[in-house]
file coords.txt (compact mmCIF, C-alpha atoms)
# COMPACT_ATOMS: atom_id res chain seq x y z
CA MET A 23 22.58 -4.78 -0.22
CA HIS A 24 20.93 -1.75 -1.83
CA ILE A 25 17.21 -1.34 -1.14
CA LEU A 26 14.69 1.04 -2.68
CA ILE A 27 11.84 2.20 -0.43
CA ALA A 28 8.89 3.67 -2.36
CA GLU A 29 6.38 5.00 0.16
CA ASP A 30 4.32 8.20 0.04
CA ASP A 31 3.79 8.37 3.82
CA ALA A 32 6.87 10.33 4.94
CA GLY A 33 6.81 9.02 8.51
CA PHE A 34 6.54 5.37 7.50
CA ARG A 35 9.14 5.86 4.75
CA GLU A 36 11.62 7.28 7.27
CA THR A 37 10.88 4.52 9.79
CA LEU A 38 11.53 1.85 7.15
CA ALA A 39 14.71 3.61 6.04
CA VAL A 40 16.10 3.81 9.59
CA GLU A 41 15.20 0.17 10.30
CA PHE A 42 16.86 -1.08 7.12
CA GLN A 43 19.93 1.10 7.67
CA GLU A 44 20.28 -0.29 11.20
CA ARG A 45 20.20 -3.78 9.67
CA GLY A 46 23.07 -2.88 7.35
CA TYR A 47 21.26 -2.02 4.10
CA ASN A 48 22.13 0.86 1.77
CA VAL A 49 18.78 2.72 1.45
CA THR A 50 17.32 4.94 -1.28
CA LYS A 51 13.90 6.50 -0.62
CA ILE A 52 11.29 7.86 -3.02
CA ALA A 53 7.71 9.08 -2.62
CA CYS A 54 6.45 8.94 -6.22
CA LEU A 55 7.12 7.56 -9.70
CA HIS A 56 8.69 10.82 -10.86
CA GLU A 57 11.51 10.41 -8.31
CA PHE A 58 12.25 6.94 -9.69
CA ASP A 59 13.04 8.40 -13.13
CA GLY A 60 16.16 9.99 -11.68
CA LEU A 61 17.37 6.63 -10.34
CA LEU A 62 17.32 4.57 -13.54
CA SER A 63 21.10 4.21 -13.54
CA GLN A 64 21.15 2.75 -10.00
CA HIS A 65 21.00 -0.97 -9.23
CA PHE A 66 18.72 -2.17 -6.44
CA ASP A 67 18.91 -5.65 -4.91
CA LEU A 68 15.61 -5.21 -3.07
CA ALA A 69 12.57 -2.92 -3.19
CA VAL A 70 9.67 -2.19 -0.85
CA VAL A 71 6.85 -0.52 -2.80
CA ASP A 72 3.61 0.87 -1.42
CA LEU A 73 0.60 0.05 -3.61
CA LYS A 74 -0.49 3.71 -3.59
CA LEU A 75 2.22 6.32 -4.07
CA GLY A 76 0.13 9.45 -3.68
CA THR A 77 -1.69 9.72 -6.98
CA ASP A 78 0.64 7.17 -8.62
CA SER A 79 0.28 3.40 -8.67
CA GLY A 80 2.91 1.32 -6.97
CA LEU A 81 2.11 -1.42 -9.50
CA GLU A 82 3.44 0.82 -12.26
CA LEU A 83 6.67 1.18 -10.31
CA VAL A 84 6.88 -2.61 -9.85
CA GLU A 85 6.48 -3.06 -13.60
CA ARG A 86 9.09 -0.40 -14.44
CA LEU A 87 11.49 -1.77 -11.85
CA SER A 88 11.18 -5.32 -13.22
CA GLN A 89 11.90 -4.03 -16.75
CA VAL A 90 14.92 -1.94 -15.72
CA SER A 91 16.29 -4.34 -13.09
CA PRO A 92 14.76 -7.82 -13.45
CA HIS A 93 16.87 -9.28 -10.62
CA THR A 94 15.49 -6.87 -8.00
CA THR A 95 13.35 -8.63 -5.38
CA CYS A 96 10.27 -6.50 -4.81
CA VAL A 97 7.67 -6.63 -2.03
CA VAL A 98 4.43 -4.65 -2.32
CA LEU A 99 2.81 -3.19 0.82
CA THR A 100 -0.80 -2.08 0.99
CA GLY A 101 -3.42 -0.97 3.45
CA TYR A 102 -6.21 -2.10 1.09
CA SER A 103 -5.43 -5.62 0.04
CA SER A 104 -7.36 -7.52 -2.56
CA ILE A 105 -6.79 -10.70 -4.48
CA VAL A 106 -6.93 -8.77 -7.76
CA THR A 107 -4.09 -6.39 -6.83
CA ALA A 108 -2.07 -9.19 -5.24
CA VAL A 109 -2.23 -11.27 -8.42
CA LYS A 110 -1.43 -8.26 -10.58
CA ALA A 111 1.56 -7.34 -8.38
CA ILE A 112 2.98 -10.86 -8.64
CA LYS A 113 2.41 -10.97 -12.41
CA LEU A 114 4.24 -7.64 -12.77
CA GLY A 115 7.26 -8.98 -10.91
CA ALA A 116 6.69 -8.61 -7.16
CA ALA A 117 7.99 -11.46 -5.03
CA ASN A 118 5.45 -10.90 -2.27
CA TYR A 119 2.44 -8.78 -1.28
CA LEU A 120 1.93 -7.80 2.37
CA THR A 121 -0.94 -6.03 4.10
CA LYS A 122 -0.23 -3.17 6.52
CA PRO A 123 0.25 -3.09 9.41
CA VAL A 124 3.26 -5.34 8.97
CA SER A 125 6.35 -5.85 11.07
CA MET A 126 9.85 -5.04 9.91
CA ASP A 127 10.80 -8.68 10.42
CA ASP A 128 7.98 -9.80 8.11
CA ILE A 129 9.05 -7.33 5.41
CA GLU A 130 12.66 -8.44 5.59
CA ALA A 131 11.67 -12.13 5.58
CA ALA A 132 9.50 -11.56 2.49
CA LEU A 133 12.35 -9.74 0.73
CA LEU A 134 14.82 -12.51 1.53
CA GLY A 135 12.39 -15.31 0.63
CA GLU A 136 12.25 -16.55 4.20
CA ALA A 137 8.51 -16.14 4.77
CA PRO A 138 7.00 -19.35 6.13
CA LEU A 139 5.12 -21.38 3.54
CA ASP A 140 2.38 -22.33 5.98
CA GLU A 141 1.47 -18.68 6.60
CA LEU A 142 -1.67 -19.02 4.47
CA ASP A 143 -2.94 -21.84 6.70
CA ASP A 144 -3.58 -19.27 9.45
CA TYR A 145 -5.31 -16.81 7.11
CA GLN A 146 -8.81 -15.76 8.11
CA ALA A 147 -10.73 -13.92 5.44
CA PRO A 148 -12.17 -10.60 6.62
CA SER A 149 -15.92 -10.37 6.98
CA LEU A 150 -18.03 -8.75 4.29
CA ALA A 151 -18.78 -5.89 6.69
CA ARG A 152 -15.06 -5.28 7.22
CA HIS A 153 -14.42 -5.35 3.47
CA GLU A 154 -17.21 -2.82 2.96
CA TRP A 155 -15.86 -0.58 5.70
CA GLU A 156 -12.29 -0.69 4.37
CA TYR A 157 -13.52 0.18 0.89
CA ILE A 158 -15.57 3.10 2.23
CA GLU A 159 -12.45 4.38 4.04
CA TYR A 160 -10.43 3.97 0.84
CA VAL A 161 -12.95 5.93 -1.24
CA LEU A 162 -13.23 8.63 1.43
CA ALA A 163 -9.46 9.02 1.44
CA ARG A 164 -9.43 9.29 -2.37
CA CYS A 165 -12.11 11.98 -2.13
CA ASP A 166 -10.17 13.90 0.55
CA GLY A 167 -12.92 13.22 3.09
CA ASN A 168 -15.65 14.76 0.94
CA ILE A 169 -18.75 12.74 1.81
CA THR A 170 -20.82 13.95 -1.15
CA ARG A 171 -18.14 12.99 -3.69
CA ALA A 172 -17.48 9.67 -1.92
CA ALA A 173 -21.19 8.78 -1.91
CA LYS A 174 -21.40 9.55 -5.63
CA GLU A 175 -18.33 7.40 -6.33
CA LEU A 176 -19.76 4.57 -4.20
CA GLY A 177 -23.10 4.81 -6.01
CA ILE A 178 -25.11 5.42 -2.84
CA HIS A 179 -27.07 8.36 -1.46
CA ARG A 180 -25.12 10.81 0.69
CA GLN A 181 -27.46 10.22 3.65
CA SER A 182 -26.88 6.45 3.41
CA LEU A 183 -23.15 7.02 3.59
CA GLN A 184 -23.58 9.37 6.54
CA ARG A 185 -25.59 6.67 8.38
CA LYS A 186 -22.81 4.16 7.75
CA LEU A 187 -20.23 6.66 9.00
CA ARG A 188 -22.22 7.30 12.19
CA LYS A 189 -22.41 3.55 12.79
CA TYR A 190 -18.64 3.13 12.46
CA PRO A 191 -16.77 6.46 12.70
CA PRO A 192 -13.98 6.62 10.10
CA ASN A 193 -10.28 7.00 10.87
CA VAL A 194 -10.14 10.20 8.79
CA TRP A 195 -11.82 13.57 9.24
CA CYS A 196 -14.63 14.06 6.78
CA ARG A 197 -16.16 17.16 5.29
CA ASP A 198 -19.85 17.23 4.43
CA THR A 199 -19.58 19.36 1.30

call {"tool": "encode", "arguments": {"input": "coords.txt", "output": "C-alpha cells"}}
result
Amino acid sequence: MHILIAEDDAGFRETLAVEFQERGYNVTKIACLHEFDGLLSQHFDLAVVDLKLGTDSGLELVERLSQVSPHTTCVVLTGYSSIVTAVKAIKLGAANYLTKPVSMDDIEAALLGEAPLDELDDYQAPSLARHEWEYIEYVLARCDGNITRAAKELGIHRQSLQRKLRKYPPNVWCRDT
C-alpha cells in the first residue's frame, strides 16, 4: 500500500515514515501543499495529513486529495482539535480525525477502518481552562512567541496575557516585543 504523509514537523514526519515503512508500506512524505503539486500523477491508498502544514491548511490538502484521488483513505492529525475542524475534515473527505499525541497503532487502525466504535464512550471533554490554555498556546505559536501580537490577536491586554503565562508557563519560548 502507498501512503502519503503530510506533516510539517520534520522529526514527526520521519518517525511516521520509518514506522510505516517497517510495517510494509510504500511511503511518500511532504511538508507543504506546494510539494503535493508535484505528486498529482501518483496514486495513494492512504494519507496521514497534519491539520497545519506550516502556513498551509491540511484541510486544503484533504480536499485536493479527495478530488484527485477519491478512493484514498485520509486521516487528519492535529494538536488543536475542535469540533468545527473535525466536521470540516470529514466533510472534505477525511475518514478520521485524531488528536496528537497519538500512537502509531491508533493511526494505522484509523486508516484501515479498524478503530473501535465505542471509543467515543470513553471521551472526556477538556475543561474550559484547558481549552483556553491550548488556544493561547496556538495563538502564541502563530505569532512566533510574540506576546504583544498574540495579546492583540486574542483581544486582551498584553499584561493580562503575561499574567496568564506566569500562571501556566507555555511550552514555547516567548518574546515580549

call {"tool": "residues_around", "arguments": {"input": "coords.txt", "residues": "Val90 in chain A", "least_positions_apart": "3", "cutoff": "10 Å", "atoms": "only C-alpha atoms", "output": "number ranges by chain"}}
result
A: 62-65, 84-87, 93-94

call {"tool": "atom_distance", "arguments": {"input": "coords.txt", "atom1": "CA of Glu41 in chain A", "atom2": "CA of Asp127 in chain A"}}
result
9.9 Å

call {"tool": "residues_near_point", "arguments": {"input": "coords.txt", "point": "(-8.9, 7.2, -5.5)", "cutoff": "10 Å", "atoms": "all atoms listed in the file", "output": "list in words"}}
result
Lys74, Gly76, Thr77, Tyr160, Val161, Leu162, Ala163, Arg164, Cys165, Asp166, Ala172 and Glu175 of chain A

call {"tool": "residues_around", "arguments": {"input": "coords.txt", "residues": "Ile158 in chain A", "least_positions_apart": "4", "cutoff": "12 Å", "atoms": "only C-alpha atoms", "output": "PyMOL selection string"}}
result
chain A and resi 102+151-154+162-165+167-169+171-178+182-184+186-187+190-194+196

call {"tool": "atom_distance", "arguments": {"input": "coords.txt", "atom1": "CA of Glu136 in chain A", "atom2": "CA of Val109 in chain A"}}
result
19.9 Å

call {"tool": "closest_residue", "arguments": {"input": "coords.txt", "among": "A:Leu68, A:Cys96, A:Leu150, A:Lys122", "to": "Tyr47 in chain A", "atoms": "only C-alpha atoms"}}
result
A:Leu68

call {"tool": "atom_distance", "arguments": {"input": "coords.txt", "atom1": "CA of Ser104 in chain A", "atom2": "CA of Ser125 in chain A"}}
result
19.4 Å

call {"tool": "closest_residue", "arguments": {"input": "coords.txt", "among": "A:Ala69, A:Leu83, A:Leu99, A:Ala39", "to": "His56 in chain A", "atoms": "only C-alpha atoms"}}
result
A:Leu83

call {"tool": "closest_residue", "arguments": {"input": "coords.txt", "among": "A:Trp155, A:Ile105, A:Gly115, A:Arg185", "to": "Ser91 in chain A", "atoms": "all atoms listed in the file"}}
result
A:Gly115

call {"tool": "residues_around", "arguments": {"input": "coords.txt", "residues": "Lys51 in chain A", "least_positions_apart": "3", "cutoff": "9 Å", "atoms": "all atoms listed in the file", "output": "ChimeraX atom specification"}}
result
/A:25-29,35-36,39,57

call {"tool": "closest_residue", "arguments": {"input": "coords.txt", "among": "A:Cys54, A:Leu73, A:Leu38, A:Ala116", "to": "Gln89 in chain A", "atoms": "all atoms listed in the file"}}
result
A:Ala116

call {"tool": "residues_around", "arguments": {"input": "coords.txt", "residues": "Val98 in chain A", "least_positions_apart": "3", "cutoff": "10 Å", "atoms": "only C-alpha atoms", "output": "mmCIF file with C-alpha atoms, keeping the file's coordinate frame"}}
result
data_model
loop_
_atom_site.group_PDB
_atom_site.id
_atom_site.type_symbol
_atom_site.label_atom_id
_atom_site.label_comp_id
_atom_site.auth_asym_id
_atom_site.auth_seq_id
_atom_site.Cartn_x
_atom_site.Cartn_y
_atom_site.Cartn_z
ATOM 1 C CA ALA A 28 8.890 3.670 -2.360
ATOM 2 C CA ALA A 69 12.570 -2.920 -3.190
ATOM 3 C CA VAL A 70 9.670 -2.190 -0.850
ATOM 4 C CA VAL A 71 6.850 -0.520 -2.800
ATOM 5 C CA ASP A 72 3.610 0.870 -1.420
ATOM 6 C CA LEU A 73 0.600 0.050 -3.610
ATOM 7 C CA LYS A 74 -0.490 3.710 -3.590
ATOM 8 C CA GLY A 80 2.910 1.320 -6.970
ATOM 9 C CA LEU A 81 2.110 -1.420 -9.500
ATOM 10 C CA VAL A 84 6.880 -2.610 -9.850
ATOM 11 C CA THR A 107 -4.090 -6.390 -6.830
ATOM 12 C CA ALA A 108 -2.070 -9.190 -5.240
ATOM 13 C CA ALA A 111 1.560 -7.340 -8.380
ATOM 14 C CA ILE A 112 2.980 -10.860 -8.640
ATOM 15 C CA ALA A 116 6.690 -8.610 -7.160
ATOM 16 C CA ALA A 117 7.990 -11.460 -5.030
ATOM 17 C CA ASN A 118 5.450 -10.900 -2.270
ATOM 18 C CA TYR A 119 2.440 -8.780 -1.280
ATOM 19 C CA LEU A 120 1.930 -7.800 2.370
ATOM 20 C CA THR A 121 -0.940 -6.030 4.100
ATOM 21 C CA ILE A 129 9.050 -7.330 5.410
ATOM 22 C CA ALA A 132 9.500 -11.560 2.490
ATOM 23 C CA LEU A 133 12.350 -9.740 0.730
#

call {"tool": "closest_residue", "arguments": {"input": "coords.txt", "among": "A:Lys189, A:Met126, A:Asp78, A:Leu134", "to": "Glu44 in chain A", "atoms": "all atoms listed in the file"}}
result
A:Met126

call {"tool": "closest_residue", "arguments": {"input": "coords.txt", "among": "A:Glu82, A:Met23, A:Phe34, A:Asp67", "to": "Val124 in chain A", "atoms": "only C-alpha atoms"}}
result
A:Phe34
